[in-house]
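This report refers to the structure that appears directly beneath it.
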Amino acid sequence: MSLRPPGVTPAGRGRAALTFLAVLALLLGGYGLLRADAGLTTRQVTVDGVPLTEVRADHDGAGAVRRPGVVIAHGFAGSARLMRPLADTVARRGAVALLLDFAGHGGNPAGLPGAGSDDTASRVALEHDLAVGVAHLRGRPDVDPTRIVLVGHSMGAGAVTRYAAGHPDIAGTVAISLPDGGDLPDARPQRLLLIVGGLEFPAFRDTAEATARRGVGRRVVVVPGVEHISVLFAGRTHREVAAWAGIDGAAPRPAARLVPAGLLLLGFGLGFVPLAALLTGRRGRRVGPAPDAPAPVVLVVATAATGLGVLLAPVLPTTRLPLAVGGYLTGFLLVTGFLLAAARHWPLRLFAAGPTPAAPAAAGGPVPVTGGRTPLRPVVAALLLTGYAGAAVAVPIHLGLTWALPVGDRWWLLPVVAAGCLVFLAGAELLTRGRSWRYAAVGALAVPALGGAAVVGLAPGFVLLVVPLFVVLLGWQAAWAGVLRRAGAPRWAPAAVGAVLVAWPVATALPLS
């Protein structure tokens with residue numbers, strides 16, 4: 001005898017459980033972000049076009065005692081928000097931290113000349129923004145102007161070391177993942193701490209050790225088990241930075257914002273499943289009578305399409321988009337997507353194996369449906385889910401990781417990048433006819449193609465920094481695409497939802513040029 005309440009199905013109970021877990025994750029994430037701000041005061045100003053954020057601990061009589069000042073500079077495709085955990089650490093230990101968004105990054109709408117090329121124009125722009133931040137911090141009434149320490153990551157590490165070399169009044173400098181120190185004077189800056197992740201490319205460690213040998217008062221710290229980005233969230237990194245600035249105090253909490261942001265992402269991700277079922281009515285998609293090509297043929301065609309995409313992307317007009325790396329990536333997605341869509345009709349038609357019967361959801365295929373319904377509902381549902389996708393990726397990233405809101409030219413670049421993603425994902429959907437594992441495999445082929453193009457010089461070298469993010473976004477999108485197919489969403493819905501999901505962080509994080 002079944003104990004199941006009347007009208008309650010296992011699928012319904014599963015959706016209820018996912019809804020509960022999603023709400024719980026969102027509540028815990030929001031609470032965690034509120035806790036991360038406890039005991040800290042922030043003040044945001046814009047000086048000479050540079051967005052600045054001051055972070056200090058809540059202390060009574062703060063103006064009576066002058067504190068050390070720490071200017072923290074982010075790297076390429078980073079932002080002040082990415083460096084906020086370091087600011088929290090030094091602020092809780094009694095210093096005043098100042099974060100800045102370099103030109104073309106974060107909330108700074110100005111373009112960075114030669115973004116990604118490390119040329120003279122780029123260096124001048126970085127030095128200008130850094131000088132604005134240093135001057136502003138020095139002028140604060142609660143900051144000791146003789147105790148200014150500079151901290152930079154990657155591109156920011158190069159900027160702070162060059163600035164400190166020309167300004168001996170800087171009390172200390174910390175360079176995290178310094179890409180190149182060959183142009184620094186042998187004796188300056190003197191108090192230089194070089195931090196590198198143990199899992200970074202060997203060139204970073206070689207640069208740190210070579211730079212340390214060319215001056216006095218320099219030290220190299222290798223943080224084990226972390227790479228180029230995670231080094232920013234390592235407790236060892238935070239302790240070393242605080243010690244170099246001459247401040248001590250409570251143990252650092254570098255993941256105080258990262259973990260709640262992860263919970264928000266988890267909550268949005270889980271919540272998509274019951275929301276899609278609710279909005280669409282959880283009705284399966286019809287399987288058309290079109291023939292299906294063998295899987296090896298599909299993969300060979302997809303490999304050829306991605307190969308042509310990396311070859312043709314450098315000569316497309318999209319390379320002139322004022323978005324570093326983003327122009328190449330958009331061109332690659334457009335070309336590859338068109339080729340994938342075209343291949344659905346030829347040459348795949350030559351290898352057709354005959355009509356494909358409906359495949360059950362458990363086999364990863366579309367779900368057959370019976371009966372009719374008003375066509376307006378799935379369209380409205382898909383549009384609402386597309387908006388949900390934008391919030392799901394933008395809100396957690398912006399609140400807990402890095403800048404994720406459009407400013408300046410990003411407002412029109414976002415739909416352009418989204419169009420490239422839409423063409424690519426729609427082409428993959430057509431080529432694979434919604435077969436989940438084939439669809440995921442086509443997306444996965446783009447990863448080695450882009451990485452290989454960067455290695456051989458067909459694509460900008462900074463594409464290698466984008467590839468890990470691209471992997472995560474494509475995997476996330478493929479999972480949601482499967483949910484939409486099972487929920488009976490329109491055929492264009494996976495591409496539309498996925499385009500927003502993938503394009504948003506790309507268009508808002510890569511530097512304006």
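In the structure tokens, chains take the letters A, B, ... in the order shown, each chain's residues start at 1, and ligands count up from 1 in the order shown.
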TODO: Go through stretch 120-311 of chain A and collect every residue that DSSP, computed from the backbone, puts in helix (DSSP H, G or I); the answer should be as a ChimeraX atom specification.
DONE: /A:120-138,155-166,202-213,230-233,235-244,258-280,295-311
With a cut-off of 10 Å, could you pull out the residues of stretch 30-121 of chain A touching stretch 385-400 of chain A and give me the nearest pair of atoms for each, distance in Å to one decimal, using only C-alpha atoms, ordered by chain and ascending number, as a Markdown table?
```
| residue | atom | partner | partner_atom | distance |
| --- | --- | --- | --- | --- |
| A:Gly30 | CA | A:Leu399 | CA | 9.3 |
| A:Gly32 | CA | A:Gly400 | CA | 9.8 |
| A:Leu33 | CA | A:Gly400 | CA | 7.3 |
| A:Ala36 | CA | A:Gly400 | CA | 9.6 |
| A:Arg81 | CA | A:Gly400 | CA | 7.7 |
| A:Leu82 | CA | A:Gly400 | CA | 8.1 |
| A:Arg84 | CA | A:Gly400 | CA | 9.0 |
| A:Pro85 | CA | A:Gly400 | CA | 9.5 |
| A:Gly106 | CA | A:His398 | CA | 9.9 |
```
Dump N, CA and C atoms for the selected residues as a PDB file, in the first residue's frame?
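File written: again13.pdb
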```pdb
ATOM      1  N   GLY A  30      23.067  35.031   1.167  1.00  0.00           N
ATOM      2  CA  GLY A  30      22.803  36.422   1.515  1.00  0.00           C
ATOM      3  C   GLY A  30      23.255  36.758   2.921  1.00  0.00           C
ATOM      4  N   GLY A  32      25.614  35.235   4.593  1.00  0.00           N
ATOM      5  CA  GLY A  32      27.076  35.225   4.620  1.00  0.00           C
ATOM      6  C   GLY A  32      27.681  36.520   4.091  1.00  0.00           C
ATOM      7  N   LEU A  33      27.082  37.079   3.045  1.00  0.00           N
ATOM      8  CA  LEU A  33      27.599  38.338   2.507  1.00  0.00           C
ATOM      9  C   LEU A  33      27.382  39.490   3.489  1.00  0.00           C
ATOM     10  N   ALA A  36      30.045  39.203   6.051  1.00  0.00           N
ATOM     11  CA  ALA A  36      31.372  39.592   5.560  1.00  0.00           C
ATOM     12  C   ALA A  36      31.617  41.086   5.723  1.00  0.00           C
ATOM     13  N   ARG A  81      36.508  44.735  -6.851  1.00  0.00           N
ATOM     14  CA  ARG A  81      35.724  43.751  -6.101  1.00  0.00           C
ATOM     15  C   ARG A  81      36.457  42.417  -5.983  1.00  0.00           C
ATOM     16  N   LEU A  82      37.236  42.041  -6.976  1.00  0.00           N
ATOM     17  CA  LEU A  82      38.000  40.799  -6.902  1.00  0.00           C
ATOM     18  C   LEU A  82      39.038  40.863  -5.787  1.00  0.00           C
ATOM     19  N   ARG A  84      38.714  42.631  -3.024  1.00  0.00           N
ATOM     20  CA  ARG A  84      38.104  43.055  -1.762  1.00  0.00           C
ATOM     21  C   ARG A  84      38.512  42.183  -0.576  1.00  0.00           C
ATOM     22  N   PRO A  85      38.651  40.858  -0.700  1.00  0.00           N
ATOM     23  CA  PRO A  85      39.083  40.085   0.472  1.00  0.00           C
ATOM     24  C   PRO A  85      40.416  40.544   1.055  1.00  0.00           C
ATOM     25  N   GLY A 106      36.147  46.835 -14.298  1.00  0.00           N
ATOM     26  CA  GLY A 106      35.179  47.067 -13.246  1.00  0.00           C
ATOM     27  C   GLY A 106      34.209  48.179 -13.577  1.00  0.00           C
TER      28      GLY A 106
END
```
Task: Distance query A:Gly408 at most 9 Å, only C-alpha atoms, self and fewer than 2 positions along chain excluded, as number ranges by chain - done: A: 107-110, 406, 410-412
Residues from the last selection, all heavy atoms, saved as a compact mmCIF listing (two decimals), in the first residue's frame:
```
# COMPACT_ATOMS: atom_id res chain seq x y z
N GLY A 107 34.08 49.13 -12.65
CA GLY A 107 33.16 50.25 -12.85
C GLY A 107 33.76 51.43 -13.56
O GLY A 107 33.13 52.50 -13.60
N ASN A 108 34.98 51.29 -14.10
CA ASN A 108 35.63 52.39 -14.82
C ASN A 108 35.27 52.30 -16.30
O ASN A 108 35.72 51.38 -17.00
CB ASN A 108 37.16 52.29 -14.64
CG ASN A 108 37.87 53.56 -15.07
OD1 ASN A 108 37.40 54.27 -15.95
ND2 ASN A 108 39.00 53.85 -14.46
N PRO A 109 34.47 53.24 -16.82
CA PRO A 109 34.01 53.13 -18.22
C PRO A 109 35.05 53.54 -19.25
O PRO A 109 34.83 53.33 -20.45
CB PRO A 109 32.81 54.08 -18.25
CG PRO A 109 33.12 55.12 -17.22
CD PRO A 109 33.87 54.41 -16.14
N ALA A 110 36.17 54.12 -18.81
CA ALA A 110 37.20 54.53 -19.77
C ALA A 110 37.90 53.31 -20.33
O ALA A 110 38.11 52.31 -19.64
CB ALA A 110 38.21 55.45 -19.09
N PRO A 406 27.05 46.11 -16.40
CA PRO A 406 27.49 46.86 -17.59
C PRO A 406 27.67 48.35 -17.28
O PRO A 406 26.84 48.95 -16.60
CB PRO A 406 26.34 46.64 -18.59
CG PRO A 406 25.52 45.52 -18.04
CD PRO A 406 25.69 45.56 -16.56
N ARG A 410 29.99 48.79 -22.42
CA ARG A 410 29.54 47.43 -22.15
C ARG A 410 28.04 47.27 -22.39
O ARG A 410 27.58 46.15 -22.63
CB ARG A 410 29.87 47.02 -20.71
CG ARG A 410 31.36 47.02 -20.39
CD ARG A 410 31.61 46.41 -19.03
NE ARG A 410 32.99 46.64 -18.59
CZ ARG A 410 34.02 45.91 -18.94
NH1 ARG A 410 33.84 44.87 -19.74
NH2 ARG A 410 35.23 46.18 -18.49
N TRP A 411 27.29 48.34 -22.34
CA TRP A 411 25.85 48.23 -22.56
C TRP A 411 25.53 47.75 -23.97
O TRP A 411 24.58 46.98 -24.17
CB TRP A 411 25.17 49.59 -22.30
CG TRP A 411 24.99 49.88 -20.86
CD1 TRP A 411 25.67 50.80 -20.10
CD2 TRP A 411 24.07 49.25 -19.96
NE1 TRP A 411 25.25 50.78 -18.80
CE2 TRP A 411 24.25 49.83 -18.68
CE3 TRP A 411 23.12 48.23 -20.10
CZ2 TRP A 411 23.52 49.44 -17.56
CZ3 TRP A 411 22.38 47.85 -18.99
CH2 TRP A 411 22.57 48.45 -17.75
N TRP A 412 26.30 48.18 -24.97
CA TRP A 412 26.03 47.68 -26.32
C TRP A 412 26.91 46.48 -26.66
O TRP A 412 26.56 45.69 -27.54
CB TRP A 412 26.20 48.78 -27.36
CG TRP A 412 27.60 49.33 -27.55
CD1 TRP A 412 28.14 50.42 -26.97
CD2 TRP A 412 28.62 48.81 -28.43
NE1 TRP A 412 29.43 50.63 -27.39
CE2 TRP A 412 29.75 49.65 -28.30
CE3 TRP A 412 28.68 47.73 -29.30
CZ2 TRP A 412 30.92 49.44 -29.01
CZ3 TRP A 412 29.86 47.51 -30.01
CH2 TRP A 412 30.96 48.37 -29.87
```
Open item on the list: When DSSP is applied to the backbone of this structure, which of stretch 38-103 of chain A are assigned strand (DSSP E)? Write them out as a list in words.
Closed with: Leu40, Thr41, Thr42, Arg43, Gln44, Val45, Thr46, Val47, Val50, Pro51, Leu52, Thr53, Glu54, Val55, Arg56, Ala57, Arg67, Pro68, Gly69, Val70, Val71, Ile72, Ala73, Val96, Ala97, Leu98, Leu99 and Leu100 of chain A
Selected residues, N, CA, C and O atoms, written as an mmCIF file, in the first residue's frame, please.
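Wrote out-v1.cif, looks like this:
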```
data_model
loop_
_atom_site.group_PDB
_atom_site.id
_atom_site.type_symbol
_atom_site.label_atom_id
_atom_site.label_comp_id
_atom_site.auth_asym_id
_atom_site.auth_seq_id
_atom_site.Cartn_x
_atom_site.Cartn_y
_atom_site.Cartn_z
ATOM 1 N N LEU A 40 33.068 46.574 9.223
ATOM 2 C CA LEU A 40 33.816 47.335 8.231
ATOM 3 C C LEU A 40 32.971 48.493 7.698
ATOM 4 O O LEU A 40 31.747 48.389 7.603
ATOM 5 N N THR A 41 33.638 49.571 7.352
ATOM 6 C CA THR A 41 32.994 50.727 6.730
ATOM 7 C C THR A 41 33.602 50.941 5.357
ATOM 8 O O THR A 41 34.832 50.931 5.213
ATOM 9 N N THR A 42 32.779 51.113 4.360
ATOM 10 C CA THR A 42 33.267 51.374 3.004
ATOM 11 C C THR A 42 32.780 52.739 2.541
ATOM 12 O O THR A 42 31.690 53.192 2.912
ATOM 13 N N ARG A 43 33.599 53.365 1.728
ATOM 14 C CA ARG A 43 33.259 54.672 1.138
ATOM 15 C C ARG A 43 33.723 54.661 -0.308
ATOM 16 O O ARG A 43 34.891 54.391 -0.586
ATOM 17 N N GLN A 44 32.805 54.920 -1.216
ATOM 18 C CA GLN A 44 33.113 54.900 -2.643
ATOM 19 C C GLN A 44 33.091 56.316 -3.204
ATOM 20 O O GLN A 44 32.134 57.071 -2.988
ATOM 21 N N VAL A 45 34.162 56.655 -3.913
ATOM 22 C CA VAL A 45 34.273 57.970 -4.549
ATOM 23 C C VAL A 45 34.878 57.776 -5.934
ATOM 24 O O VAL A 45 35.482 56.734 -6.229
ATOM 25 N N THR A 46 34.710 58.765 -6.778
ATOM 26 C CA THR A 46 35.366 58.785 -8.086
ATOM 27 C C THR A 46 36.227 60.028 -8.161
ATOM 28 O O THR A 46 35.725 61.146 -8.010
ATOM 29 N N VAL A 47 37.512 59.847 -8.378
ATOM 30 C CA VAL A 47 38.469 60.951 -8.434
ATOM 31 C C VAL A 47 39.154 60.939 -9.791
ATOM 32 O O VAL A 47 39.756 59.929 -10.174
ATOM 33 N N VAL A 50 38.537 57.917 -11.846
ATOM 34 C CA VAL A 50 38.932 56.607 -11.332
ATOM 35 C C VAL A 50 38.036 56.235 -10.150
ATOM 36 O O VAL A 50 38.031 56.936 -9.133
ATOM 37 N N PRO A 51 37.264 55.143 -10.236
ATOM 38 C CA PRO A 51 36.458 54.701 -9.096
ATOM 39 C C PRO A 51 37.351 54.157 -7.975
ATOM 40 O O PRO A 51 38.184 53.284 -8.205
ATOM 41 N N LEU A 52 37.167 54.694 -6.773
ATOM 42 C CA LEU A 52 37.950 54.288 -5.615
ATOM 43 C C LEU A 52 37.025 53.804 -4.512
ATOM 44 O O LEU A 52 35.930 54.337 -4.329
ATOM 45 N N THR A 53 37.489 52.806 -3.764
ATOM 46 C CA THR A 53 36.724 52.289 -2.630
ATOM 47 C C THR A 53 37.630 52.233 -1.411
ATOM 48 O O THR A 53 38.652 51.538 -1.412
ATOM 49 N N GLU A 54 37.263 52.980 -0.369
ATOM 50 C CA GLU A 54 37.993 52.941 0.891
ATOM 51 C C GLU A 54 37.350 51.894 1.799
ATOM 52 O O GLU A 54 36.127 51.795 1.885
ATOM 53 N N VAL A 55 38.179 51.117 2.470
ATOM 54 C CA VAL A 55 37.699 50.110 3.414
ATOM 55 C C VAL A 55 38.483 50.288 4.711
ATOM 56 O O VAL A 55 39.709 50.282 4.705
ATOM 57 N N ARG A 56 37.767 50.455 5.812
ATOM 58 C CA ARG A 56 38.401 50.596 7.119
ATOM 59 C C ARG A 56 37.534 49.910 8.168
ATOM 60 O O ARG A 56 36.323 49.720 7.983
ATOM 61 N N ALA A 57 38.155 49.526 9.269
ATOM 62 C CA ALA A 57 37.412 48.912 10.368
ATOM 63 C C ALA A 57 36.681 49.975 11.154
ATOM 64 O O ALA A 57 37.085 51.145 11.200
ATOM 65 N N ARG A 67 46.620 55.724 10.605
ATOM 66 C CA ARG A 67 46.863 54.313 10.343
ATOM 67 C C ARG A 67 47.682 54.145 9.062
ATOM 68 O O ARG A 67 47.738 55.046 8.217
ATOM 69 N N PRO A 68 48.261 52.956 8.879
ATOM 70 C CA PRO A 68 48.910 52.686 7.586
ATOM 71 C C PRO A 68 47.866 52.672 6.473
ATOM 72 O O PRO A 68 46.694 52.359 6.688
ATOM 73 N N GLY A 69 48.299 53.001 5.267
ATOM 74 C CA GLY A 69 47.423 52.964 4.104
ATOM 75 C C GLY A 69 47.916 51.922 3.105
ATOM 76 O O GLY A 69 49.129 51.821 2.859
ATOM 77 N N VAL A 70 47.016 51.130 2.569
ATOM 78 C CA VAL A 70 47.372 50.064 1.626
ATOM 79 C C VAL A 70 46.551 50.247 0.353
ATOM 80 O O VAL A 70 45.319 50.158 0.394
ATOM 81 N N VAL A 71 47.225 50.524 -0.765
ATOM 82 C CA VAL A 71 46.571 50.638 -2.067
ATOM 83 C C VAL A 71 46.655 49.276 -2.745
ATOM 84 O O VAL A 71 47.741 48.706 -2.883
ATOM 85 N N ILE A 72 45.509 48.751 -3.185
ATOM 86 C CA ILE A 72 45.439 47.396 -3.737
ATOM 87 C C ILE A 72 44.979 47.478 -5.190
ATOM 88 O O ILE A 72 43.900 48.005 -5.479
ATOM 89 N N ALA A 73 45.805 46.956 -6.096
ATOM 90 C CA ALA A 73 45.555 47.058 -7.539
ATOM 91 C C ALA A 73 45.306 45.665 -8.124
ATOM 92 O O ALA A 73 46.072 44.732 -7.875
ATOM 93 N N VAL A 96 44.003 51.318 6.569
ATOM 94 C CA VAL A 96 42.968 51.813 5.658
ATOM 95 C C VAL A 96 43.320 51.286 4.270
ATOM 96 O O VAL A 96 44.410 51.560 3.752
ATOM 97 N N ALA A 97 42.421 50.505 3.689
ATOM 98 C CA ALA A 97 42.659 49.931 2.366
ATOM 99 C C ALA A 97 41.977 50.781 1.307
ATOM 100 O O ALA A 97 40.881 51.317 1.533
ATOM 101 N N LEU A 98 42.615 50.896 0.166
ATOM 102 C CA LEU A 98 42.033 51.607 -0.967
ATOM 103 C C LEU A 98 42.087 50.704 -2.191
ATOM 104 O O LEU A 98 43.160 50.266 -2.608
ATOM 105 N N LEU A 99 40.930 50.430 -2.758
ATOM 106 C CA LEU A 99 40.802 49.645 -3.981
ATOM 107 C C LEU A 99 40.499 50.576 -5.143
ATOM 108 O O LEU A 99 39.809 51.588 -4.967
ATOM 109 N N LEU A 100 40.986 50.250 -6.329
ATOM 110 C CA LEU A 100 40.696 51.061 -7.495
ATOM 111 C C LEU A 100 40.373 50.175 -8.691
ATOM 112 O O LEU A 100 40.816 49.029 -8.762
#
```
Task: Among the residues A:Val65, A:Ala103, A:Pro511, A:Arg205, the one that comes closest to A:Asp144 [using only C-alpha atoms] - done: A:Val65
Task: From A:Asp48, A:Asp186, A:Glu429, A:Asp248, residue lying nearest A:Thr89 [only C-alpha atoms] - done: A:Asp248
List every residue of stretch 471-503 of chain A that has an atom at most 10 Å from any atom of stretch 266-279 of chain A, giving for each one its closest atom pair and the distance in Å to one decimal, counting only C-alpha atoms, sorted by chain and then by ascending residue number, as JSON lines.
```
{"residue": "A:Trp476", "atom": "CA", "partner": "A:Gly269", "partner_atom": "CA", "distance": 8.4}
{"residue": "A:Ala479", "atom": "CA", "partner": "A:Gly269", "partner_atom": "CA", "distance": 9.5}
{"residue": "A:Trp480", "atom": "CA", "partner": "A:Phe272", "partner_atom": "CA", "distance": 7.6}
{"residue": "A:Gly482", "atom": "CA", "partner": "A:Val273", "partner_atom": "CA", "distance": 9.9}
{"residue": "A:Val483", "atom": "CA", "partner": "A:Val273", "partner_atom": "CA", "distance": 6.4}
{"residue": "A:Leu484", "atom": "CA", "partner": "A:Ala276", "partner_atom": "CA", "distance": 6.7}
{"residue": "A:Arg485", "atom": "CA", "partner": "A:Ala276", "partner_atom": "CA", "distance": 9.9}
{"residue": "A:Arg486", "atom": "CA", "partner": "A:Ala277", "partner_atom": "CA", "distance": 8.6}
{"residue": "A:Ala487", "atom": "CA", "partner": "A:Ala277", "partner_atom": "CA", "distance": 5.5}
{"residue": "A:Gly488", "atom": "CA", "partner": "A:Ala277", "partner_atom": "CA", "distance": 8.6}
{"residue": "A:Ala489", "atom": "CA", "partner": "A:Ala276", "partner_atom": "CA", "distance": 8.3}
```
Since we have the selection now, will you write its residues out, keeping C-alpha atoms, as a PDB file, in the first residue's frame?
```pdb
ATOM      1  CA  TRP A 476      26.562  25.242 -16.607  1.00  0.00           C
ATOM      2  CA  ALA A 479      23.133  21.369 -17.770  1.00  0.00           C
ATOM      3  CA  TRP A 480      20.411  24.000 -17.991  1.00  0.00           C
ATOM      4  CA  GLY A 482      19.046  19.608 -20.657  1.00  0.00           C
ATOM      5  CA  VAL A 483      16.574  20.884 -18.069  1.00  0.00           C
ATOM      6  CA  LEU A 484      14.837  23.034 -20.680  1.00  0.00           C
ATOM      7  CA  ARG A 485      14.519  20.151 -23.131  1.00  0.00           C
ATOM      8  CA  ARG A 486      12.966  17.923 -20.505  1.00  0.00           C
ATOM      9  CA  ALA A 487      10.582  20.710 -19.522  1.00  0.00           C
ATOM     10  CA  GLY A 488       9.351  21.033 -23.112  1.00  0.00           C
ATOM     11  CA  ALA A 489      10.688  24.555 -23.716  1.00  0.00           C
TER      12      ALA A 489
END
```
If we count only C-alpha atoms, what is near A:Leu473 at a cut-off of 9 Å, once residues fewer than 6 positions away on the same chain are taken out, given as a compact mmCIF listing (two decimals) with N, CA, C and O atoms, in the first residue's frame?
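See part06.txt below for the written result:
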```txt
# COMPACT_ATOMS: atom_id res chain seq x y z
N GLY A 498 21.21 30.16 -22.59
CA GLY A 498 22.66 29.96 -22.52
C GLY A 498 23.45 31.14 -23.00
O GLY A 498 24.53 31.44 -22.47
N LEU A 501 23.69 33.54 -20.18
CA LEU A 501 24.52 32.96 -19.13
C LEU A 501 26.01 33.05 -19.45
O LEU A 501 26.83 33.37 -18.58
N VAL A 502 26.37 32.80 -20.71
CA VAL A 502 27.78 32.82 -21.10
C VAL A 502 28.27 34.23 -21.39
O VAL A 502 29.37 34.62 -21.00
```
Open item on the list: Need the shell around stretch 430-432 of chain A: protein/DNA/RNA residues with any atom at most 8 Å away, counting only C-alpha atoms. Skip same-chain ones fewer than 5 positions apart. Format as a list in words?
Closed with: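 Here the qualifying residues turn out to be Val298, Leu340, Ala341, Ala343, Arg344, Arg438 and Tyr439 of chain A.
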Restrict the selected residues to all heavy atoms and save them as a PDB file, in the first residue's frame.
```
ATOM      1  N   VAL A 298      29.115  13.464 -36.302  1.00  0.00           N
ATOM      2  CA  VAL A 298      28.776  14.737 -35.674  1.00  0.00           C
ATOM      3  C   VAL A 298      30.020  15.360 -35.031  1.00  0.00           C
ATOM      4  O   VAL A 298      30.295  16.553 -35.182  1.00  0.00           O
ATOM      5  CB  VAL A 298      27.662  14.548 -34.633  1.00  0.00           C
ATOM      6  CG1 VAL A 298      27.446  15.834 -33.831  1.00  0.00           C
ATOM      7  CG2 VAL A 298      26.369  14.131 -35.307  1.00  0.00           C
ATOM      8  N   LEU A 340      28.249  25.126 -37.751  1.00  0.00           N
ATOM      9  CA  LEU A 340      27.522  24.026 -37.123  1.00  0.00           C
ATOM     10  C   LEU A 340      26.086  23.954 -37.642  1.00  0.00           C
ATOM     11  O   LEU A 340      25.565  22.869 -37.926  1.00  0.00           O
ATOM     12  CB  LEU A 340      27.512  24.203 -35.608  1.00  0.00           C
ATOM     13  CG  LEU A 340      28.860  24.063 -34.882  1.00  0.00           C
ATOM     14  CD1 LEU A 340      28.705  24.400 -33.410  1.00  0.00           C
ATOM     15  CD2 LEU A 340      29.427  22.658 -35.041  1.00  0.00           C
ATOM     16  N   ALA A 341      25.450  25.121 -37.767  1.00  0.00           N
ATOM     17  CA  ALA A 341      24.072  25.141 -38.254  1.00  0.00           C
ATOM     18  C   ALA A 341      24.005  24.672 -39.709  1.00  0.00           C
ATOM     19  O   ALA A 341      23.108  23.909 -40.090  1.00  0.00           O
ATOM     20  CB  ALA A 341      23.493  26.545 -38.118  1.00  0.00           C
ATOM     21  N   ALA A 343      26.024  22.674 -41.176  1.00  0.00           N
ATOM     22  CA  ALA A 343      26.332  21.246 -41.254  1.00  0.00           C
ATOM     23  C   ALA A 343      25.117  20.378 -40.948  1.00  0.00           C
ATOM     24  O   ALA A 343      25.093  19.197 -41.293  1.00  0.00           O
ATOM     25  CB  ALA A 343      27.466  20.906 -40.295  1.00  0.00           C
ATOM     26  N   ARG A 344      24.115  20.937 -40.317  1.00  0.00           N
ATOM     27  CA  ARG A 344      22.894  20.163 -40.053  1.00  0.00           C
ATOM     28  C   ARG A 344      22.247  19.709 -41.362  1.00  0.00           C
ATOM     29  O   ARG A 344      21.634  18.641 -41.431  1.00  0.00           O
ATOM     30  CB  ARG A 344      21.929  21.047 -39.256  1.00  0.00           C
ATOM     31  CG  ARG A 344      20.543  20.489 -39.030  1.00  0.00           C
ATOM     32  CD  ARG A 344      20.560  19.285 -38.122  1.00  0.00           C
ATOM     33  NE  ARG A 344      20.555  18.023 -38.851  1.00  0.00           N
ATOM     34  CZ  ARG A 344      20.721  16.837 -38.322  1.00  0.00           C
ATOM     35  NH1 ARG A 344      20.968  16.719 -37.031  1.00  0.00           N
ATOM     36  NH2 ARG A 344      20.673  15.746 -39.049  1.00  0.00           N
ATOM     37  N   ARG A 438      25.946  14.734 -26.847  1.00  0.00           N
ATOM     38  CA  ARG A 438      26.550  15.279 -28.069  1.00  0.00           C
ATOM     39  C   ARG A 438      26.668  16.798 -27.964  1.00  0.00           C
ATOM     40  O   ARG A 438      27.671  17.389 -28.363  1.00  0.00           O
ATOM     41  CB  ARG A 438      25.707  14.905 -29.287  1.00  0.00           C
ATOM     42  CG  ARG A 438      25.641  13.425 -29.593  1.00  0.00           C
ATOM     43  CD  ARG A 438      24.925  13.192 -30.912  1.00  0.00           C
ATOM     44  NE  ARG A 438      24.745  11.773 -31.204  1.00  0.00           N
ATOM     45  CZ  ARG A 438      24.314  11.308 -32.365  1.00  0.00           C
ATOM     46  NH1 ARG A 438      24.009  12.151 -33.335  1.00  0.00           N
ATOM     47  NH2 ARG A 438      24.172  10.009 -32.555  1.00  0.00           N
ATOM     48  N   TYR A 439      25.619  17.413 -27.453  1.00  0.00           N
ATOM     49  CA  TYR A 439      25.612  18.868 -27.288  1.00  0.00           C
ATOM     50  C   TYR A 439      26.756  19.312 -26.372  1.00  0.00           C
ATOM     51  O   TYR A 439      27.486  20.263 -26.682  1.00  0.00           O
ATOM     52  CB  TYR A 439      24.256  19.269 -26.701  1.00  0.00           C
ATOM     53  CG  TYR A 439      24.052  20.745 -26.507  1.00  0.00           C
ATOM     54  CD1 TYR A 439      23.620  21.555 -27.557  1.00  0.00           C
ATOM     55  CD2 TYR A 439      24.252  21.334 -25.268  1.00  0.00           C
ATOM     56  CE1 TYR A 439      23.412  22.911 -27.372  1.00  0.00           C
ATOM     57  CE2 TYR A 439      24.045  22.686 -25.077  1.00  0.00           C
ATOM     58  CZ  TYR A 439      23.612  23.469 -26.125  1.00  0.00           C
ATOM     59  OH  TYR A 439      23.408  24.813 -25.941  1.00  0.00           O
TER      60      TYR A 439
END
```
TODO: Skip A:Val463 itself and residues of its chain fewer than 6 positions away, then list as a PyMOL selection string all residues within 8 Å of it, counting only C-alpha atoms.
DONE: chain A and resi 325+450-451+454
Okay, now the selection with C-alpha atoms, as a short mmCIF file (atom, residue, chain, number, x, y, z; two decimals), in the first residue's frame?
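For reference, again_2.cif as written:
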```cif
data_model
loop_
_atom_site.label_atom_id
_atom_site.label_comp_id
_atom_site.auth_asym_id
_atom_site.auth_seq_id
_atom_site.Cartn_x
_atom_site.Cartn_y
_atom_site.Cartn_z
CA VAL A 325 39.91 39.26 -26.11
CA LEU A 450 40.66 28.29 -28.19
CA GLY A 451 43.55 27.18 -26.00
CA ALA A 454 46.30 31.14 -28.08
#
```
Task: Near-stretch 492-495 of chain A list (7 Å; only C-alpha atoms; drop same-chain fewer than 2 positions) as number ranges by chain - done: A: 382, 422, 425-426, 481, 484, 489-490, 497-499
Output of the above residues as a CSV table (one decimal), in the first residue's frame, restricted to C-alpha atoms:
```csv
chain,number,residue,atom,x,y,z
A,382,ALA,CA,11.6,31.0,-22.1
A,422,LEU,CA,23.4,32.6,-29.4
A,425,LEU,CA,24.7,27.5,-29.1
A,426,ALA,CA,21.9,27.4,-31.6
A,481,ALA,CA,19.8,23.2,-21.7
A,484,LEU,CA,14.8,23.0,-20.7
A,489,ALA,CA,10.7,24.6,-23.7
A,490,PRO,CA,10.9,25.9,-27.3
A,497,VAL,CA,19.1,31.2,-22.0
A,498,GLY,CA,22.7,30.0,-22.5
A,499,ALA,CA,23.6,33.0,-24.5
```
